Each structure stands twice: as C-alpha cells, then as structure tokens.
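First comes the structure, then the notes that go with it.
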Amino acid sequence: MTRSAVRAWYLVHKWTSLVCTLFLLMLCLTGLPLIFHDEVEELAGGPPPLAGPASSSDAPGLLPLDTMLQRALAERPGEVPLYMAFDNESPLLTVTTGPAPNSPETQMTLMLFDRTNGRLVAPPGEKGIMELLLQLHTDMFLGLPGMLLLGAMGLLFVAALVSGVVLYAPFMRKLDFGTLRTERSRRLKWLDWHNLLGIAAFAWMTVVGVTGIINALATPLVDQWRNGALAEMTGREAGAAPLPPARYGSLDRAMASARAALPGNDPQFIAFPGGAYSTGHHYAVFFQGDTPLTKRLLTPALIDAETGRLTDVRPMPISMTALQLSQPLHFGDYGGLPLKLLWAALTLFTIVVLGSGVYLWLGRRQAPLSLRLAEVTSGGRFEPQPSPAE
Amino acid sequence: MIRSTFAIPVVLGLLSLAGLVVALTGDGWRDILSWAALSAPLLAVLWAASRRSS
C-alpha cells in the first residue's frame, strides 16, 4: 500500500471513529442489557407464561377476536384500537389502543390478555427501565431526528470498520495473527488488542452495524411502503374516505377472509385503519410464512374494515423484507440463550475496541501525522513519542 | 503460523456470517451449529490471549 493510501485511510479511520465513538459506546452500553430483556422482565416479576393454544391459531378454546377487542376497549373507554398482536407459543394476545387512529407511539397503550378466558394479564403500566433503555437506544428520546442521527452514526461506524480493516493490512504485514505484545509498553498492548478484537469481531460488528442502520430507517421505509406498494393494493378503492371507528366491522369475519386467502398460515398482527401499517379503511392482517425461513417475512392481507371482504394480498417489497430480517440480526434474539451470550461477548469486544481506540488517539494526538503513520506501517514497532507539551 | 494477513480473519468472518444466518433458518440443530460457528471469533481471541504469556 502506498504511503498516501495509508495516510488517506488513516484519516478516514480517525475521523469516522471520533465522530461516532461516544454514540456507539452509548449504543453498546444500552444494547447489552437489552439483549436479555426477556430474561430481565421475567425475573423482574413480569406475568408468568400462559398455558394453552397459541393465540395466533384458530384452535378451539380461544375466544373470538371481537370479544377480545371489546374487553380491551372496556379498559380504555373513548379510545380506538390500533393494533392486535398474536403469539405462537401461548394464548397471549396484545391490544394497543390510542386516542385516535393515527395516534403517535407516545400516546399508545399496550394491554396483555389471555385469549382462553379474556382476562387482562398485565394492566397498562408505567414504562419500565427496559423500555427507557430501548428508547435511548432507538432515538435518544428525540423521535425521528434521533433515529436518523443514530442511523448516520451507524454509517460512520461501518466506515470506521472498513477503514480499520484496510489499515490492518500494513500494520500486520510482518506480524502473526493474534500477536499481543503486552510487555513492551501500554500503548503497544492496547494497539494489539484493538487490532485483534477489531478484526475478530469485524463480521459481527458489520452485520449489527448495517442492520442497525436499516432499523434506524424504519419510519421512512414504512412510510414509503404504505404510500407505494400498500396503496397500490387498494386498487379501485384507492382514495376512499377514512372509515370512522364506529363503522369498523367484525374482526372475526375479517380474519376468516384473510385466512381463506392464505390457508395454512397464522397471523402475527392486525393493523387497524389509519395507522402506519394500514390504509384509512382497511384492516391489514400480517401473516407469517409457514416455514422457519419464511416465518419472519410477513405478508399483508388487506381486508375492507367495514364489510370484512378481502381487498388484496401481496408479499412485501424488498425494502420491507430487509427491514424485517434486520430486526433479529440486530437484536440477536433468534437462537436461544447461548446466542444471546455470544451477542453479549461480542458487544464487550466492541466496547474494548471503542475504548482502546479513544485511548490510542488521546495518547498521541499531538504527534506529527508522519510519525503516527509510521506506527501503523511498522506494525507498532515504531512508537511516536508524546509531544513535549504533555 | 500462516503468513497471509487475512487468512484467519477471512475464516473467522465466514464462520461468523454462517452462524448468524443459519439460526435464522430454523431451530434445533441449526441453533447449535450457529453457536459453534459464532464462537469462532471468541475462541480465536482466547487462543491469542492464552498464547501471550508463553
């Protein structure tokens, strides 16, 4: 690699890292407990798991959806339904309500029910510590601008990863993989750890970084899908006036039409008219695929909310598929507790890479650039001296 | 030791990606395969750390 190429990549690595490091440290520190949110909530006295048929099925012993919705609305008089979501493991069913069909997330109320007996399992409560951590991790309590800012930081993080791998080449030219020189100086020790952990966790950090960027773009991606592909599904009915909640028809009839269109599949959730995931006058019933691979890819069936008749059913476009696959790949919640533990270990690696990166920069930031580049190309054997000012 | 700078990193990267994807495609043995593959970067670091003192 030429000297000027090393110089350019060094500067890219330095500046992309410097800008994103504090944000990334925050994301790692909030993300670490979030990996285990299911376990934490269970330990913190959350509702015990329910026993019975899956609420997403149409097994006997489950109450009609209309009954469940009535129960939920009785808890929140004056509000309208926004989402109803199902579980594949238990009769747990959740209903989300809000003051208006297009209520923002901050005004929504989530209730957990048992679909075998209609009982409220968990009343809507104060936000727990995990929800606050999640919000800090998602948008820093700044809404859409916060999400987009963190997405931009993710982009810088990926640029820092790529430039770091490029610089790994001249640095390691005469060194074996896994070299850790811990005796010579503290700086060399952390330089070697930075390189080893960075290259070992590179693939994982890149996947979590890229999927984090895609998740940060969720709002514009969903908006684009709703105004594009979903609007196209309404066909002749496009432009029909929004349906007032008083005229919403039977959910069970709508579900029957949807199931007839996608036999063998079970629903994951229903989006009510007027929200981010539906049109103004349809129930959008999102079905999971019937194989493990397609289970995470949802297919919406659009049902006229007044008549309960099927309007259209169509797979989601590639942008929404990418968004859906980005969630498990970012959260690490799809392969049992061992996968979560690996996720946590790799997050700790990332924290050390970030911390050692800051340490390496702080130590020699006043040394001339040519000397800092010499440190890279000599594999750390040449160590720039601290400037006299320090 | 293998001299090529990127030989081991490429293997670690491919194992990591395989581990990330295989657990997405199902449960059971696929999860176990995923844990094994995604352990590779950790094992490489543990190996380097244990070698350091000798």
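Letters A, B, ... go to the chains of the structure tokens in the order shown; residues in each chain start at 1; ligands are counted from 1 in the same order.
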
### Task
Output as a count of residues only all residues of segment 123-306 of chain A that backbone DSSP marks as alpha helix (DSSP H).
93

### Task
Excluding Gly151 of chain A and any residue of its chain fewer than 6 positions from it, enumerate the residues within 8 Å of it, using only C-alpha atoms, and give them as an NGL selection string.
:A and (212-214 or 216-217)

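Checking A:Gly154, A:Pro64, A:Gly355, A:Gly249 one by one against Gly308 of chain A, counting only C-alpha atoms, you find the shortest gap at A:Gly249.
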
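Counting only C-alpha atoms, the residue from B:Arg52, B:Trp47, B:Trp35, B:Pro41 that sits nearest to Gly13 of chain B is B:Pro41.
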
### Query
Got a sec to pull out which chain A residues are within 9 Å of chain B, counting only C-alpha atoms, and send them as an MDAnalysis selection string?
chainID A and resid 168:169 172:182 196:197 199:204 207 291:294 296 325 328:329 332 334:336 338:339 342 345:346

Export, as a tab-separated table (two decimals), in the first residue's frame, the selected residues with C-alpha atoms.
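Generated file (selection.tsv):
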```tsv
chain	number	residue	atom	x	y	z
A	168	TYR	CA	-4.93	-3.84	9.47
A	169	ALA	CA	-3.07	-4.95	6.32
A	172	MET	CA	0.08	-6.80	10.38
A	173	ARG	CA	2.39	-7.18	7.36
A	174	LYS	CA	5.19	-8.73	9.43
A	175	LEU	CA	3.10	-9.95	12.35
A	176	ASP	CA	1.24	-13.20	13.01
A	177	PHE	CA	-2.48	-13.26	13.62
A	178	GLY	CA	-3.17	-12.91	17.32
A	179	THR	CA	0.04	-11.04	18.18
A	180	LEU	CA	-0.33	-9.45	21.63
A	181	ARG	CA	2.79	-7.62	22.82
A	182	THR	CA	1.83	-6.84	26.38
A	196	LEU	CA	-7.09	-8.34	17.42
A	197	LEU	CA	-10.58	-7.68	18.79
A	199	ILE	CA	-10.55	-8.00	13.22
A	200	ALA	CA	-12.01	-10.96	15.14
A	201	ALA	CA	-15.41	-9.31	15.64
A	202	PHE	CA	-15.39	-7.47	12.29
A	203	ALA	CA	-18.08	-9.55	10.56
A	204	TRP	CA	-20.41	-9.46	13.56
A	207	VAL	CA	-23.80	-7.07	10.46
A	291	THR	CA	-41.68	-22.48	7.18
A	292	PRO	CA	-38.97	-21.45	9.69
A	293	LEU	CA	-37.21	-19.47	6.97
A	294	THR	CA	-40.29	-17.51	5.87
A	296	ARG	CA	-40.07	-13.77	9.78
A	325	LEU	CA	-34.70	-9.51	8.55
A	328	PRO	CA	-33.43	-10.42	14.54
A	329	LEU	CA	-29.94	-9.88	13.08
A	332	GLY	CA	-29.66	-11.46	18.49
A	334	TYR	CA	-33.41	-15.69	17.47
A	335	GLY	CA	-31.19	-18.53	18.62
A	336	GLY	CA	-31.75	-19.15	22.30
A	338	PRO	CA	-26.33	-19.20	24.00
A	339	LEU	CA	-26.71	-16.88	21.01
A	342	LEU	CA	-22.32	-14.71	22.28
A	345	ALA	CA	-19.47	-11.19	24.47
A	346	LEU	CA	-19.11	-9.61	21.02
```

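One finds atom CA of Ala44 of chain A at 24.7 Å from atom CA of Gln107 of chain A.
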
### Task
Identify, on the basis of only C-alpha atoms, every residue whose closest approach to Ile303 of chain A does not exceed 8 Å; exclude the query and any residue fewer than 6 positions from it along the same chain; express the result as a PyMOL selection string.
chain A and resi 254+257-258+282-285+309-312

### Summary
Restricting to only C-alpha atoms, whichever of A:Leu25, A:Thr106, A:Thr211, A:Asp290 is closest to Gly264 of chain A is A:Asp290

### Task
Please run DSSP on the backbone and report, as a ChimeraX atom specification, all residues within segment 57-190 of chain A that come out as strand (DSSP E).
/A:80-86,92-98,109-114,120-122

### Message
So that I can see what lies close to segment 265-269 of chain A, please list as a list in words the residues with an atom at most 6 Å from it, counting only C-alpha atoms and leaving out residues fewer than 4 positions away in the same chain.
### Response
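My list of contacting residues is Ser56, Met84, Ala85, Phe86, Phe286, Phe287, Gln288 and Asp290 of chain A.
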
Selection export as a PDB file, in the first residue's frame, atoms kept: N, CA, C and O atoms:
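Saved the output as again.pdb:
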```pdb
ATOM      1  N   SER A  56     -52.268 -17.126  17.992  1.00  0.00           N
ATOM      2  CA  SER A  56     -52.259 -16.870  16.552  1.00  0.00           C
ATOM      3  C   SER A  56     -53.016 -17.943  15.782  1.00  0.00           C
ATOM      4  O   SER A  56     -53.260 -17.785  14.590  1.00  0.00           O
ATOM      5  N   MET A  84     -53.605  -5.319  17.104  1.00  0.00           N
ATOM      6  CA  MET A  84     -53.831  -6.526  17.892  1.00  0.00           C
ATOM      7  C   MET A  84     -52.753  -7.498  17.440  1.00  0.00           C
ATOM      8  O   MET A  84     -52.582  -7.718  16.240  1.00  0.00           O
ATOM      9  N   ALA A  85     -52.000  -8.055  18.411  1.00  0.00           N
ATOM     10  CA  ALA A  85     -50.884  -8.931  18.039  1.00  0.00           C
ATOM     11  C   ALA A  85     -51.019 -10.276  18.722  1.00  0.00           C
ATOM     12  O   ALA A  85     -51.602 -10.389  19.801  1.00  0.00           O
ATOM     13  N   PHE A  86     -50.472 -11.309  18.058  1.00  0.00           N
ATOM     14  CA  PHE A  86     -50.669 -12.699  18.481  1.00  0.00           C
ATOM     15  C   PHE A  86     -49.342 -13.344  18.835  1.00  0.00           C
ATOM     16  O   PHE A  86     -48.278 -12.869  18.459  1.00  0.00           O
ATOM     17  N   PHE A 286     -51.318  -9.168   9.041  1.00  0.00           N
ATOM     18  CA  PHE A 286     -49.973  -9.576   8.621  1.00  0.00           C
ATOM     19  C   PHE A 286     -49.741 -11.030   8.987  1.00  0.00           C
ATOM     20  O   PHE A 286     -49.755 -11.388  10.160  1.00  0.00           O
ATOM     21  N   PHE A 287     -49.544 -11.856   7.939  1.00  0.00           N
ATOM     22  CA  PHE A 287     -49.354 -13.287   8.139  1.00  0.00           C
ATOM     23  C   PHE A 287     -47.880 -13.648   8.105  1.00  0.00           C
ATOM     24  O   PHE A 287     -47.108 -13.085   7.336  1.00  0.00           O
ATOM     25  N   GLN A 288     -47.534 -14.643   8.953  1.00  0.00           N
ATOM     26  CA  GLN A 288     -46.186 -15.185   8.950  1.00  0.00           C
ATOM     27  C   GLN A 288     -46.142 -16.314   7.934  1.00  0.00           C
ATOM     28  O   GLN A 288     -47.143 -16.979   7.717  1.00  0.00           O
ATOM     29  N   ASP A 290     -45.095 -20.113   6.517  1.00  0.00           N
ATOM     30  CA  ASP A 290     -45.333 -21.371   7.220  1.00  0.00           C
ATOM     31  C   ASP A 290     -44.085 -22.242   7.314  1.00  0.00           C
ATOM     32  O   ASP A 290     -44.168 -23.392   7.724  1.00  0.00           O
TER      33      ASP A 290
END
```
